[in-house]
file structure-v6.pdb (PDB, C-alpha atoms, pLDDT in the B column)
ATOM      1  CA  MET C   6     -15.893 -14.717  63.712  1.00 73.00           C
ATOM      2  CA  THR C   7     -16.847 -12.396  60.851  1.00 82.00           C
ATOM      3  CA  ASP C   8     -19.588 -13.443  58.451  1.00 95.00           C
ATOM      4  CA  TYR C   9     -17.889 -11.974  55.389  1.00 97.00           C
ATOM      5  CA  LEU C  10     -20.738 -11.835  52.885  1.00 97.00           C
ATOM      6  CA  PRO C  11     -23.012  -9.555  54.956  1.00 97.00           C
ATOM      7  CA  ALA C  12     -19.974  -7.619  56.240  1.00 96.00           C
ATOM      8  CA  THR C  13     -18.854  -6.918  52.673  1.00 97.00           C
ATOM      9  CA  MET C  14     -22.352  -5.947  51.556  1.00 97.00           C
ATOM     10  CA  ALA C  15     -22.631  -3.600  54.556  1.00 96.00           C
ATOM     11  CA  MET C  16     -19.551  -1.753  53.232  1.00 96.00           C
ATOM     12  CA  LEU C  17     -20.946  -1.621  49.695  1.00 97.00           C
ATOM     13  CA  GLY C  18     -24.432  -0.477  50.663  1.00 96.00           C
ATOM     14  CA  PRO C  19     -27.865  -1.748  49.657  1.00 95.00           C
ATOM     15  CA  ALA C  20     -27.935  -4.407  46.966  1.00 95.00           C
ATOM     16  CA  GLN C  21     -28.929  -3.008  43.569  1.00 92.00           C
ATOM     17  CA  ASN C  22     -29.838  -6.363  41.951  1.00 95.00           C
ATOM     18  CA  ARG C  23     -30.254  -4.610  38.589  1.00 94.00           C
ATOM     19  CA  TYR C  24     -29.492  -7.727  36.548  1.00 95.00           C
ATOM     20  CA  ALA C  25     -30.088 -10.552  39.034  1.00 95.00           C
ATOM     21  CA  ASP C  26     -31.255 -13.540  37.012  1.00 95.00           C
ATOM     22  CA  ALA C  27     -30.926 -17.136  38.193  1.00 96.00           C
ATOM     23  CA  ALA C  28     -31.323 -18.447  34.633  1.00 97.00           C
ATOM     24  CA  SER C  29     -28.226 -16.527  33.478  1.00 98.00           C
ATOM     25  CA  TRP C  30     -26.168 -18.246  36.196  1.00 98.00           C
ATOM     26  CA  ASP C  31     -27.551 -21.643  35.190  1.00 97.00           C
ATOM     27  CA  ARG C  32     -26.564 -20.981  31.561  1.00 97.00           C
ATOM     28  CA  LEU C  33     -23.106 -19.801  32.603  1.00 97.00           C
ATOM     29  CA  HIS C  34     -22.504 -22.832  34.832  1.00 96.00           C
ATOM     30  CA  ASP C  35     -23.651 -25.181  32.052  1.00 96.00           C
ATOM     31  CA  GLU C  36     -21.350 -23.427  29.597  1.00 95.00           C
ATOM     32  CA  LEU C  37     -18.336 -23.442  31.942  1.00 94.00           C
ATOM     33  CA  GLY C  38     -18.908 -26.931  33.306  1.00 94.00           C
ATOM     34  CA  VAL C  39     -18.302 -25.698  36.879  1.00 93.00           C
ATOM     35  CA  ARG C  40     -20.363 -23.850  39.466  1.00 94.00           C
ATOM     36  CA  LEU C  41     -19.077 -20.542  40.803  1.00 96.00           C
ATOM     37  CA  PRO C  42     -19.416 -19.974  44.571  1.00 96.00           C
ATOM     38  CA  ILE C  43     -22.731 -18.743  45.981  1.00 96.00           C
ATOM     39  CA  ASP C  44     -21.148 -15.773  47.800  1.00 97.00           C
ATOM     40  CA  TYR C  45     -19.534 -14.661  44.533  1.00 97.00           C
ATOM     41  CA  GLN C  46     -22.856 -14.977  42.699  1.00 97.00           C
ATOM     42  CA  THR C  47     -24.609 -13.002  45.437  1.00 98.00           C
ATOM     43  CA  LEU C  48     -22.116 -10.118  45.237  1.00 98.00           C
ATOM     44  CA  VAL C  49     -22.153 -10.059  41.428  1.00 98.00           C
ATOM     45  CA  ASP C  50     -25.964 -10.077  41.347  1.00 98.00           C
ATOM     46  CA  ALA C  51     -26.136  -7.349  43.974  1.00 98.00           C
ATOM     47  CA  TYR C  52     -23.747  -4.854  42.344  1.00 97.00           C
ATOM     48  CA  ALA C  53     -22.240  -5.820  38.954  1.00 97.00           C
ATOM     49  CA  PRO C  54     -21.276  -4.644  36.415  1.00 97.00           C
ATOM     50  CA  ILE C  55     -19.263  -2.362  38.673  1.00 97.00           C
ATOM     51  CA  GLN C  56     -15.828  -1.015  39.521  1.00 96.00           C
ATOM     52  CA  LEU C  57     -14.882  -0.805  43.204  1.00 96.00           C
ATOM     53  CA  ASN C  58     -12.464   1.760  44.637  1.00 94.00           C
ATOM     54  CA  GLY C  59     -11.352   2.723  41.140  1.00 91.00           C
ATOM     55  CA  HIS C  60      -9.604  -0.591  40.431  1.00 94.00           C
ATOM     56  CA  LEU C  61     -11.491  -3.884  40.902  1.00 96.00           C
ATOM     57  CA  SER C  62     -14.115  -4.767  38.296  1.00 97.00           C
ATOM     58  CA  LEU C  63     -16.905  -7.319  38.515  1.00 98.00           C
ATOM     59  CA  HIS C  64     -18.846  -8.443  35.438  1.00 98.00           C
ATOM     60  CA  HIS C  65     -22.332  -9.995  35.267  1.00 98.00           C
ATOM     61  CA  PRO C  66     -23.581 -13.063  33.342  1.00 98.00           C
ATOM     62  CA  ALA C  67     -26.937 -11.484  32.381  1.00 97.00           C
ATOM     63  CA  THR C  68     -25.572  -8.418  30.559  1.00 96.00           C
ATOM     64  CA  GLU C  69     -24.367  -8.177  26.982  1.00 94.00           C
ATOM     65  CA  ARG C  70     -21.799  -5.515  27.800  1.00 94.00           C
ATOM     66  CA  TRP C  71     -19.435  -6.414  30.671  1.00 96.00           C
ATOM     67  CA  ASN C  72     -20.591 -10.012  30.297  1.00 97.00           C
ATOM     68  CA  LEU C  73     -19.036 -12.341  32.856  1.00 98.00           C
ATOM     69  CA  GLY C  74     -19.070 -15.439  30.647  1.00 97.00           C
ATOM     70  CA  GLY C  75     -17.384 -13.613  27.776  1.00 97.00           C
ATOM     71  CA  TRP C  76     -14.802 -12.083  30.122  1.00 98.00           C
ATOM     72  CA  ILE C  77     -14.008 -15.460  31.715  1.00 98.00           C
ATOM     73  CA  ARG C  78     -13.601 -17.121  28.289  1.00 97.00           C
ATOM     74  CA  ASP C  79     -11.450 -14.298  26.865  1.00 97.00           C
ATOM     75  CA  THR C  80      -9.291 -14.035  29.982  1.00 97.00           C
ATOM     76  CA  ALA C  81      -8.829 -17.818  30.267  1.00 97.00           C
ATOM     77  CA  GLN C  82      -7.818 -17.929  26.586  1.00 97.00           C
ATOM     78  CA  ALA C  83      -5.322 -15.091  27.039  1.00 96.00           C
ATOM     79  CA  TRP C  84      -3.735 -16.882  30.013  1.00 95.00           C
ATOM     80  CA  SER C  85      -3.744 -20.184  28.099  1.00 94.00           C
ATOM     81  CA  ASP C  86      -1.694 -18.516  25.357  1.00 93.00           C
ATOM     82  CA  VAL C  87       1.135 -17.637  27.781  1.00 87.00           C
ATOM     83  CA  PRO C  88       4.191 -19.933  27.404  1.00 85.00           C
ATOM     84  CA  TRP C  89       4.715 -21.465  30.847  1.00 81.00           C
ATOM     85  CA  GLY C  90       7.851 -23.535  30.176  1.00 78.00           C
ATOM     86  CA  GLY C  91      11.172 -22.532  31.708  1.00 78.00           C
ATOM     87  CA  MET C  92       9.744 -20.384  34.501  1.00 80.00           C
ATOM     88  CA  ASP C  93      11.894 -19.426  37.441  1.00 82.00           C
ATOM     89  CA  PRO C  94      10.945 -21.850  40.287  1.00 81.00           C
ATOM     90  CA  ASP C  95      10.065 -18.987  42.639  1.00 80.00           C
ATOM     91  CA  GLU C  96       7.561 -17.654  40.070  1.00 81.00           C
ATOM     92  CA  ASP C  97       6.012 -20.917  38.881  1.00 85.00           C
ATOM     93  CA  PRO C  98       2.555 -21.300  40.462  1.00 88.00           C
ATOM     94  CA  ARG C  99       2.710 -25.065  39.879  1.00 86.00           C
ATOM     95  CA  LEU C 100       5.709 -25.371  42.180  1.00 86.00           C
ATOM     96  CA  LEU C 101       4.617 -22.658  44.604  1.00 86.00           C
ATOM     97  CA  PHE C 102       1.119 -24.015  45.215  1.00 89.00           C
ATOM     98  CA  GLY C 103       1.319 -27.705  44.312  1.00 85.00           C
ATOM     99  CA  LEU C 104      -0.792 -27.493  41.168  1.00 85.00           C
ATOM    100  CA  THR C 105      -0.666 -30.648  39.067  1.00 80.00           C
ATOM    101  CA  GLU C 106      -1.130 -28.594  35.915  1.00 81.00           C
ATOM    102  CA  LEU C 107      -1.442 -24.971  34.895  1.00 88.00           C
ATOM    103  CA  SER C 108      -4.549 -24.645  32.781  1.00 92.00           C
ATOM    104  CA  PHE C 109      -7.184 -21.957  32.541  1.00 95.00           C
ATOM    105  CA  GLY C 110     -10.911 -22.409  32.131  1.00 94.00           C
ATOM    106  CA  THR C 111     -10.738 -26.205  32.435  1.00 91.00           C
ATOM    107  CA  PRO C 112     -12.506 -28.360  35.058  1.00 84.00           C
ATOM    108  CA  SER C 113      -9.328 -28.755  37.113  1.00 84.00           C
ATOM    109  CA  GLY C 114      -7.805 -25.425  36.116  1.00 90.00           C
ATOM    110  CA  LEU C 115      -7.840 -21.804  37.184  1.00 94.00           C
ATOM    111  CA  TRP C 116     -10.983 -19.724  36.577  1.00 96.00           C
ATOM    112  CA  PRO C 117     -10.591 -15.936  36.283  1.00 97.00           C
ATOM    113  CA  ILE C 118     -13.427 -14.334  38.259  1.00 98.00           C
ATOM    114  CA  ALA C 119     -12.320 -10.707  38.725  1.00 98.00           C
ATOM    115  CA  GLY C 120      -9.565  -8.324  37.723  1.00 97.00           C
ATOM    116  CA  THR C 121      -8.191  -4.878  38.334  1.00 96.00           C
ATOM    117  CA  ASP C 122      -6.950  -2.065  36.149  1.00 94.00           C
ATOM    118  CA  ARG C 123      -3.578  -2.575  37.902  1.00 94.00           C
ATOM    119  CA  GLY C 124      -3.179  -5.890  36.041  1.00 94.00           C
ATOM    120  CA  GLU C 125      -4.170  -8.185  38.889  1.00 96.00           C
ATOM    121  CA  THR C 126      -6.284 -11.245  38.081  1.00 97.00           C
ATOM    122  CA  ILE C 127      -8.219 -13.168  40.720  1.00 98.00           C
ATOM    123  CA  PHE C 128      -8.595 -16.884  39.949  1.00 97.00           C
ATOM    124  CA  LEU C 129     -10.830 -19.486  41.527  1.00 95.00           C
ATOM    125  CA  VAL C 130      -9.057 -22.824  42.006  1.00 93.00           C
ATOM    126  CA  ALA C 131     -10.903 -26.130  42.533  1.00 82.00           C
ATOM    127  CA  ALA C 132     -14.107 -24.492  41.306  1.00 80.00           C
ATOM    128  CA  GLY C 133     -17.292 -26.245  42.292  1.00 78.00           C
ATOM    129  CA  THR C 134     -15.742 -27.979  45.301  1.00 81.00           C
ATOM    130  CA  VAL C 135     -15.984 -27.289  48.994  1.00 79.00           C
ATOM    131  CA  ASP C 136     -12.193 -26.818  49.021  1.00 82.00           C
ATOM    132  CA  ALA C 137     -12.130 -23.979  46.466  1.00 87.00           C
ATOM    133  CA  TRP C 138      -9.516 -21.266  47.064  1.00 93.00           C
ATOM    134  CA  LEU C 139      -8.232 -18.133  45.353  1.00 94.00           C
ATOM    135  CA  LEU C 140      -4.990 -17.500  43.521  1.00 93.00           C
ATOM    136  CA  VAL C 141      -4.100 -13.932  42.569  1.00 95.00           C
ATOM    137  CA  GLU C 142      -1.541 -12.907  39.955  1.00 94.00           C
ATOM    138  CA  ASP C 143      -0.255  -9.390  40.560  1.00 92.00           C
ATOM    139  CA  GLY C 144       0.232  -8.375  36.912  1.00 90.00           C
ATOM    140  CA  GLU C 145       4.008  -8.732  37.170  1.00 88.00           C
ATOM    141  CA  GLY C 146       4.420 -12.502  37.458  1.00 87.00           C
ATOM    142  CA  GLY C 147       3.961 -12.743  41.230  1.00 90.00           C
ATOM    143  CA  TRP C 148       1.366 -15.131  42.657  1.00 93.00           C
ATOM    144  CA  ALA C 149      -0.372 -15.257  46.039  1.00 95.00           C
ATOM    145  CA  ARG C 150      -2.670 -17.928  47.480  1.00 95.00           C
ATOM    146  CA  TYR C 151      -5.700 -17.096  49.635  1.00 96.00           C
ATOM    147  CA  ASP C 152      -7.514 -19.983  51.322  1.00 95.00           C
ATOM    148  CA  MET C 153     -10.775 -18.136  51.766  1.00 96.00           C
ATOM    149  CA  SER C 154     -14.081 -17.353  50.133  1.00 96.00           C
ATOM    150  CA  PHE C 155     -14.412 -14.587  47.574  1.00 97.00           C
ATOM    151  CA  SER C 156     -16.466 -12.501  50.023  1.00 97.00           C
ATOM    152  CA  GLU C 157     -13.681 -12.731  52.629  1.00 97.00           C
ATOM    153  CA  TRP C 158     -11.079 -11.858  49.989  1.00 97.00           C
ATOM    154  CA  LEU C 159     -13.145  -8.847  48.849  1.00 97.00           C
ATOM    155  CA  TYR C 160     -13.761  -7.702  52.413  1.00 97.00           C
ATOM    156  CA  ARG C 161     -10.039  -7.794  53.159  1.00 96.00           C
ATOM    157  CA  TYR C 162      -9.265  -6.081  49.834  1.00 96.00           C
ATOM    158  CA  LEU C 163     -11.665  -3.247  50.660  1.00 96.00           C
ATOM    159  CA  ILE C 164     -10.240  -2.676  54.149  1.00 94.00           C
ATOM    160  CA  GLY C 165      -6.769  -2.319  52.674  1.00 94.00           C
ATOM    161  CA  GLU C 166      -5.024  -5.644  53.251  1.00 96.00           C
ATOM    162  CA  ASP C 167      -2.457  -7.001  50.783  1.00 96.00           C
ATOM    163  CA  MET C 168      -4.714  -9.232  48.684  1.00 96.00           C
ATOM    164  CA  ALA C 169      -2.536  -9.692  45.593  1.00 94.00           C
ATOM    165  CA  GLY C 170       0.705 -10.498  47.361  1.00 92.00           C
ATOM    166  CA  PRO C 171       3.088  -8.332  49.409  1.00 92.00           C
ATOM    167  CA  ASP C 172       2.683  -4.535  49.160  1.00 92.00           C
ATOM    168  CA  SER C 173      -0.417  -4.818  46.976  1.00 93.00           C
ATOM    169  CA  ALA C 174      -2.933  -2.969  49.156  1.00 91.00           C
ATOM    170  CA  ALA C 175      -5.264  -0.517  47.442  1.00 84.00           C
ATOM    171  CA  PHE C 176      -6.745   1.170  50.527  1.00 84.00           C
ATOM    172  CA  TYR C 177      -9.000   4.184  50.336  1.00 85.00           C
ATOM    173  CA  PRO C 178     -10.207   5.688  53.627  1.00 87.00           C
ATOM    174  CA  GLY C 179     -13.843   6.574  54.022  1.00 90.00           C
ATOM    175  CA  PRO C 180     -16.718   4.913  52.197  1.00 95.00           C
ATOM    176  CA  VAL C 181     -16.093   2.414  49.408  1.00 95.00           C
ATOM    177  CA  GLN C 182     -16.175   4.109  46.002  1.00 94.00           C
ATOM    178  CA  LEU C 183     -18.513   2.381  43.551  1.00 95.00           C
ATOM    179  CA  ARG C 184     -18.843   3.133  39.847  1.00 95.00           C
ATOM    180  CA  ARG C 185     -21.552   1.512  37.774  1.00 93.00           C
ATOM    181  CA  LEU C 186     -20.087   0.542  34.410  1.00 91.00           C
ATOM    182  CA  PRO C 187     -21.846   2.039  31.359  1.00 90.00           C
ATOM    183  CA  MET C 188     -24.160  -0.316  29.517  1.00 88.00           C
ATOM    184  CA  THR C 189     -24.217   1.623  26.221  1.00 88.00           C
ATOM    185  CA  ALA C 190     -21.711   3.752  24.316  1.00 85.00           C
ATOM    186  CA  ASP C 191     -23.695   6.885  25.245  1.00 88.00           C
ATOM    187  CA  GLU C 192     -24.056   6.131  28.938  1.00 86.00           C
ATOM    188  CA  ARG C 193     -21.581   7.665  31.369  1.00 85.00           C
ATOM    189  CA  PRO C 194     -20.198   5.799  34.402  1.00 81.00           C
ATOM    190  CA  GLU C 195     -22.308   6.497  37.460  1.00 80.00           C
ATOM    191  CA  PRO C 196     -20.225   6.904  40.644  1.00 88.00           C
ATOM    192  CA  TRP C 197     -21.495   6.809  44.223  1.00 88.00           C
ATOM    193  CA  ASN C 198     -20.196   5.929  47.670  1.00 90.00           C
ATOM    194  CA  GLY C 199     -21.092   3.155  50.059  1.00 92.00           C
ATOM    195  CA  PRO C 200     -22.101   3.908  53.642  1.00 91.00           C
ATOM    196  CA  ALA C 201     -19.749   5.589  56.083  1.00 90.00           C
ATOM    197  CA  ARG C 202     -17.482   2.978  57.651  1.00 81.00           C
ATOM    198  CA  GLY C 203     -15.261   4.981  59.998  1.00 69.00           C
ATOM    199  CA  MET C 204     -12.039   4.373  58.073  1.00 61.00           C
TER     200      MET C 204
END
call {"tool": "encode", "arguments": {"input": "structure-v6.pdb", "output": "structure tokens"}}
result
Amino acid sequence: MTDYLPATMAMLGPAQNRYADAASWDRLHDELGVRLPIDYQTLVDAYAPIQLNGHLSLHHPATERWNLGGWIRDTAQAWSDVPWGGMDPDEDPRLLFGLTELSFGTPSGLWPIAGTDRGETIFLVAAGTVDAWLLVEDGEGGWARYDMSFSEWLYRYLIGEDMAGPDSAAFYPGPVQLRRLPMTADERPEPWNGPARGM
């Protein structure tokens, strides 16, 4: 069985840990009222703020720009502002996945933890519990459930599986493309590639 955290990091290359700071995670968890998964924290600390394969972005809680806490709050608020009444039953995540309520950024709600420039949003459900799982909205009203850790989801995303519902793969052969996000207005994005992976 694959150990997904080291397997994912092997594809991404050596950890950068530019902003790793345990205190920033403690502050974020206190502010949110939930704890984000350890594998997610490890990947964010190792690489974020970053864009992977030109689409998926990860933010970091210790940075002012690309701040994870700010992004989670803003994204949860934007999703909270969506009118959810009168949805088609085959598009209503409450009916599709047995959610008792559809709330964002609440203790029993959905927590946005990553997103893509294709409009996809990755949510953590049942945050802070051993039974946490992921729900992905594809940017067009379609939802997909993934009963797995974030590191497994990211691993499968990077090898080209459909990780935001049917026909959603964003596969790029060769090494994973990484792009460090600029931390000032004058800084330019810094691209590089992960190790060769025979794909």
call {"tool": "closest_residue", "arguments": {"input": "structure-v6.pdb", "among": "C:Leu140, C:Ala169, C:Ala51, C:Val39", "to": "Thr13 in chain C", "atoms": "only C-alpha atoms"}}
result
C:Ala51
call {"tool": "resolve_selection", "arguments": {"input": "structure-v6.pdb", "expression": "the PyMOL selection byres ((chain C and resi 111) around 12)", "output": "list in words"}}
result
Glu36, Leu37, Gly38, Val39, Ile77, Arg78, Ala81, Gln82, Trp84, Ser85, Glu106, Leu107, Ser108, Phe109, Gly110, Pro112, Ser113, Gly114, Leu115, Trp116, Pro117, Leu129, Val130, Ala131, Ala132 and Gly133 of chain C
call {"tool": "residues_around", "arguments": {"input": "structure-v6.pdb", "residues": "Gln182 in chain C", "least_positions_apart": "5", "cutoff": "10 Å", "atoms": "all atoms listed in the file", "output": "VMD selection string"}}
result
chain C and resid 16 to 17 56 to 60 163 177 196 to 200
call {"tool": "resolve_selection", "arguments": {"input": "structure-v6.pdb", "expression": "the PyMOL selection byres ((chain C and resi 6-12) around 6)", "output": "JSON, numbers by chain"}}
result
{"C": [13, 14, 15, 156, 157]}
call {"tool": "closest_residue", "arguments": {"input": "structure-v6.pdb", "among": "C:Asp79, C:Glu69, C:Glu125, C:Glu142", "to": "Pro187 in chain C", "atoms": "all atoms listed in the file"}}
result
C:Glu69
call {"tool": "closest_residue", "arguments": {"input": "structure-v6.pdb", "among": "C:Gly74, C:Trp138, C:Arg185, C:Thr121", "to": "Tyr162 in chain C", "atoms": "all atoms listed in the file"}}
result
C:Thr121
call {"tool": "resolve_selection", "arguments": {"input": "structure-v6.pdb", "expression": "the PyMOL selection byres ((chain C and resi 43) around 10)", "output": "PyMOL selection string"}}
result
chain C and resi 10+40-42+44-49+133+154-156
call {"tool": "atom_distance", "arguments": {"input": "structure-v6.pdb", "atom1": "CA of Met168 in chain C", "atom2": "CA of Ile118 in chain C"}}
result
14.5 Å
call {"tool": "residues_around", "arguments": {"input": "structure-v6.pdb", "residues": "Arg70 in chain C", "least_positions_apart": "4", "cutoff": "10 Å", "atoms": "all atoms listed in the file", "output": "ChimeraX atom specification"}}
result
/C:54,64-66,75-76,186-190
call {"tool": "write_last_selection", "arguments": {"input": "structure-v6.pdb", "atoms": "C-alpha atoms", "output": "mmCIF file, keeping the file's coordinate frame"}}
result
data_model
loop_
_atom_site.group_PDB
_atom_site.id
_atom_site.type_symbol
_atom_site.label_atom_id
_atom_site.label_comp_id
_atom_site.auth_asym_id
_atom_site.auth_seq_id
_atom_site.Cartn_x
_atom_site.Cartn_y
_atom_site.Cartn_z
ATOM 1 C CA PRO C 54 -21.276 -4.644 36.415
ATOM 2 C CA HIS C 64 -18.846 -8.443 35.438
ATOM 3 C CA HIS C 65 -22.332 -9.995 35.267
ATOM 4 C CA PRO C 66 -23.581 -13.063 33.342
ATOM 5 C CA GLY C 75 -17.384 -13.613 27.776
ATOM 6 C CA TRP C 76 -14.802 -12.083 30.122
ATOM 7 C CA LEU C 186 -20.087 0.542 34.410
ATOM 8 C CA PRO C 187 -21.846 2.039 31.359
ATOM 9 C CA MET C 188 -24.160 -0.316 29.517
ATOM 10 C CA THR C 189 -24.217 1.623 26.221
ATOM 11 C CA ALA C 190 -21.711 3.752 24.316
#
call {"tool": "closest_residue", "arguments": {"input": "structure-v6.pdb", "among": "C:Ile127, C:Trp148, C:Tyr160, C:Val181", "to": "Leu63 in chain C", "atoms": "all atoms listed in the file"}}
result
C:Ile127
call {"tool": "closest_residue", "arguments": {"input": "structure-v6.pdb", "among": "C:Tyr151, C:Arg184, C:Trp30, C:Gln21", "to": "Phe102 in chain C", "atoms": "all atoms listed in the file"}}
result
C:Tyr151
call {"tool": "decode", "arguments": {"input": "structure-v6.pdb", "residues": "range 150-169 of chain C", "atoms": "N, CA, C and O atoms", "output": "compact mmCIF listing (two decimals), in the first residue's frame"}}
result
# COMPACT_ATOMS: atom_id res chain seq x y z
N ARG C 150 -16.94 13.38 -4.18
CA ARG C 150 -16.47 13.02 -2.84
C ARG C 150 -15.24 12.12 -2.96
O ARG C 150 -15.22 11.19 -3.77
N TYR C 151 -14.25 12.36 -2.10
CA TYR C 151 -13.03 11.56 -2.05
C TYR C 151 -12.75 11.19 -0.59
O TYR C 151 -12.40 12.05 0.20
N ASP C 152 -12.95 9.93 -0.27
CA ASP C 152 -12.70 9.44 1.09
C ASP C 152 -11.22 9.08 1.22
O ASP C 152 -10.85 7.90 1.14
N MET C 153 -10.41 10.10 1.38
CA MET C 153 -8.97 9.91 1.43
C MET C 153 -8.32 11.13 2.07
O MET C 153 -8.96 12.16 2.24
N SER C 154 -7.06 10.98 2.38
CA SER C 154 -6.30 12.10 2.93
C SER C 154 -5.98 13.11 1.83
O SER C 154 -6.06 12.80 0.63
N PHE C 155 -5.59 14.31 2.24
CA PHE C 155 -5.19 15.30 1.25
C PHE C 155 -3.96 14.83 0.48
O PHE C 155 -3.88 15.03 -0.74
N SER C 156 -3.01 14.19 1.14
CA SER C 156 -1.80 13.75 0.43
C SER C 156 -2.15 12.70 -0.62
O SER C 156 -1.57 12.71 -1.72
N GLU C 157 -3.10 11.80 -0.33
CA GLU C 157 -3.51 10.84 -1.36
C GLU C 157 -4.23 11.56 -2.49
O GLU C 157 -3.99 11.27 -3.67
N TRP C 158 -5.10 12.51 -2.16
CA TRP C 158 -5.80 13.26 -3.20
C TRP C 158 -4.79 13.98 -4.10
O TRP C 158 -4.89 13.93 -5.33
N LEU C 159 -3.80 14.64 -3.49
CA LEU C 159 -2.81 15.39 -4.27
C LEU C 159 -1.97 14.45 -5.13
O LEU C 159 -1.69 14.75 -6.30
N TYR C 160 -1.57 13.33 -4.57
CA TYR C 160 -0.80 12.35 -5.33
C TYR C 160 -1.58 11.92 -6.58
O TYR C 160 -1.05 11.94 -7.69
N ARG C 161 -2.84 11.58 -6.38
CA ARG C 161 -3.66 11.13 -7.51
C ARG C 161 -3.91 12.27 -8.51
O ARG C 161 -3.96 12.05 -9.71
N TYR C 162 -4.06 13.48 -8.00
CA TYR C 162 -4.21 14.65 -8.88
C TYR C 162 -2.96 14.80 -9.75
O TYR C 162 -3.06 15.02 -10.96
N LEU C 163 -1.80 14.68 -9.15
CA LEU C 163 -0.55 14.89 -9.88
C LEU C 163 -0.23 13.80 -10.89
O LEU C 163 0.47 14.05 -11.87
N ILE C 164 -0.76 12.58 -10.66
CA ILE C 164 -0.51 11.52 -11.64
C ILE C 164 -1.59 11.47 -12.71
O ILE C 164 -1.58 10.61 -13.58
N GLY C 165 -2.54 12.42 -12.64
CA GLY C 165 -3.49 12.57 -13.73
C GLY C 165 -4.82 11.88 -13.58
O GLY C 165 -5.53 11.68 -14.56
N GLU C 166 -5.20 11.52 -12.35
CA GLU C 166 -6.53 10.94 -12.15
C GLU C 166 -7.57 12.05 -12.09
O GLU C 166 -7.25 13.21 -11.86
N ASP C 167 -8.83 11.68 -12.29
CA ASP C 167 -9.95 12.63 -12.20
C ASP C 167 -10.22 12.91 -10.73
O ASP C 167 -10.87 12.13 -10.05
N MET C 168 -9.75 14.06 -10.24
CA MET C 168 -9.85 14.36 -8.81
C MET C 168 -10.78 15.53 -8.51
O MET C 168 -10.77 16.07 -7.41
N ALA C 169 -11.58 15.92 -9.50
CA ALA C 169 -12.63 16.92 -9.28
C ALA C 169 -13.89 16.47 -10.01
O ALA C 169 -14.63 17.27 -10.56
